[in-house]
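J.: Dumping the structure here so I can ask a few things about it.
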Amino acid sequence: MDAAERFLGGDDIEIYKVELWAKYAGAVDYDQMHHRDFGNHTLVVPRTDGEHVQMTTFILLSDVTELDGPTKVVPLEIGRDIPILPREQPFGALLDKEVSVEAPAGSLFIYKTDILHRGSNFKAPGRSRFAMLVDFQRRGWRWNGKMSWPDHAGRPGMTEAMVRMSPRERDLFGWPPAGSDYWNAQTLRDVALRYPGIDMTPYGGARSP
Ligand SMILES: O=C(O)CCC(=O)C(=O)O
């Protein structure tokens with residue numbers, strides 16, 4: 001959250017996509033063309049002047065070495081001179097320019113939807129790579145996005161996550177903040193019923209049993 005606030009230049013931000021990825025050596029061919037991610041993150045195109053940034057991330061959940069199919073990235077100093085479209089570059093065209101995202105578990109790799117990058121193959125059998133991808137943007141850009149959190153609200157994992165999150169973390173998923181005119185006696189009572197165990201005191205309610 002701290003990195004996203006600094007990267008995006010404010011605290012009025014939201015999470016617009018989360019994915020959990022597992023890759024296994026030999027399962028499929030992971031070698032990709034260099035591409036930019038904006039194709040399914042926005043209806044339009046990224047601005048190249050550094051404004052209206054969507055912050056995309058990999059949080060490495062396992063150690064990633066050169067053997068573990070690291071993400072390969074074309075540095076911005078090189079990629080910024082390559083037109084935004086087409087989104088994909090010919091296979092292999094930028095191989096000598098790319099850098100490899102190799103780092104221990106727990107590392108955070110931050111990039112943007114205009115950054116050229118690609119997936120790569122494992123270089124040894126029996127290896128795996130796990131990552132969580134969490135993407136942030138300033139709130140209110142209705143032409144951008146990828147997931148609808150209310151669409152996930154019925155899933156058991158999402159219910160548990162909402163109960164366990166801090167108010168700030170819930171806020172990143174669009175939950176009504178403390179002080180919102182959404183909260184009244186009825187919504188405080190019924191949201192507590194929907195999410196057993198949630199602490200509604202930050203919103204003016206009670207702790208749910
Ligand atoms: O897994 C990776 O390191 C990158 C994969 C990727 O960029 C993609 O699937 O679009």
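Labeling convention for the structure tokens: chains A, B, ... as they appear, residues from 1 per chain, ligands from 1 in order of appearance.
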Could you please extract the residues within 10 Å of ligand 1, counting only C-alpha atoms and all ligand atoms, and hand them back as a VMD selection string?

T.: chain A and resid 21 to 23 30 to 37 58 68 to 73 100 to 101 116 to 121 129 to 131 133

J.: Applying 12 Å and only C-alpha atoms, which residues near range 194-204 of chain A remain after dropping the ones on its own chain fewer than 5 positions away? List them as an MDAnalysis selection string.

T.: chainID A and resid 153:168 170:171 175:189 209

J.: Could you pull the residues within 8 Å of range 12-14 of chain A, counting only C-alpha atoms, minus those fewer than 6 positions along the same chain, as a ChimeraX atom specification?

T.: /A:4-5,136-139,171-174

J.: Please determine, counting only C-alpha atoms, which residue among A:Ile15, A:Ile115, A:Ala192, A:Val45 has the shortest atom-to-atom distance to Arg80 in chain A.

T.: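 Nearest to Arg80 in chain A: A:Ile115.
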
J.: Return the single residue from A:Ile82, A:Met132, A:Leu43, A:Ala3 that is closest to Ser62 in chain A, with distances computed using only C-alpha atoms.

T.: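 For Ser62 in chain A, the nearest of the candidates is A:Met132.
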
J.: Give the answer as one residue: which of A:Tyr16, A:Met55, A:Ala25, A:Leu94 has the shortest atom-to-atom distance to Gly140 in chain A, using only C-alpha atoms?

T.: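 Using only C-alpha atoms, the shortest distance to Gly140 in chain A belongs to A:Tyr16.
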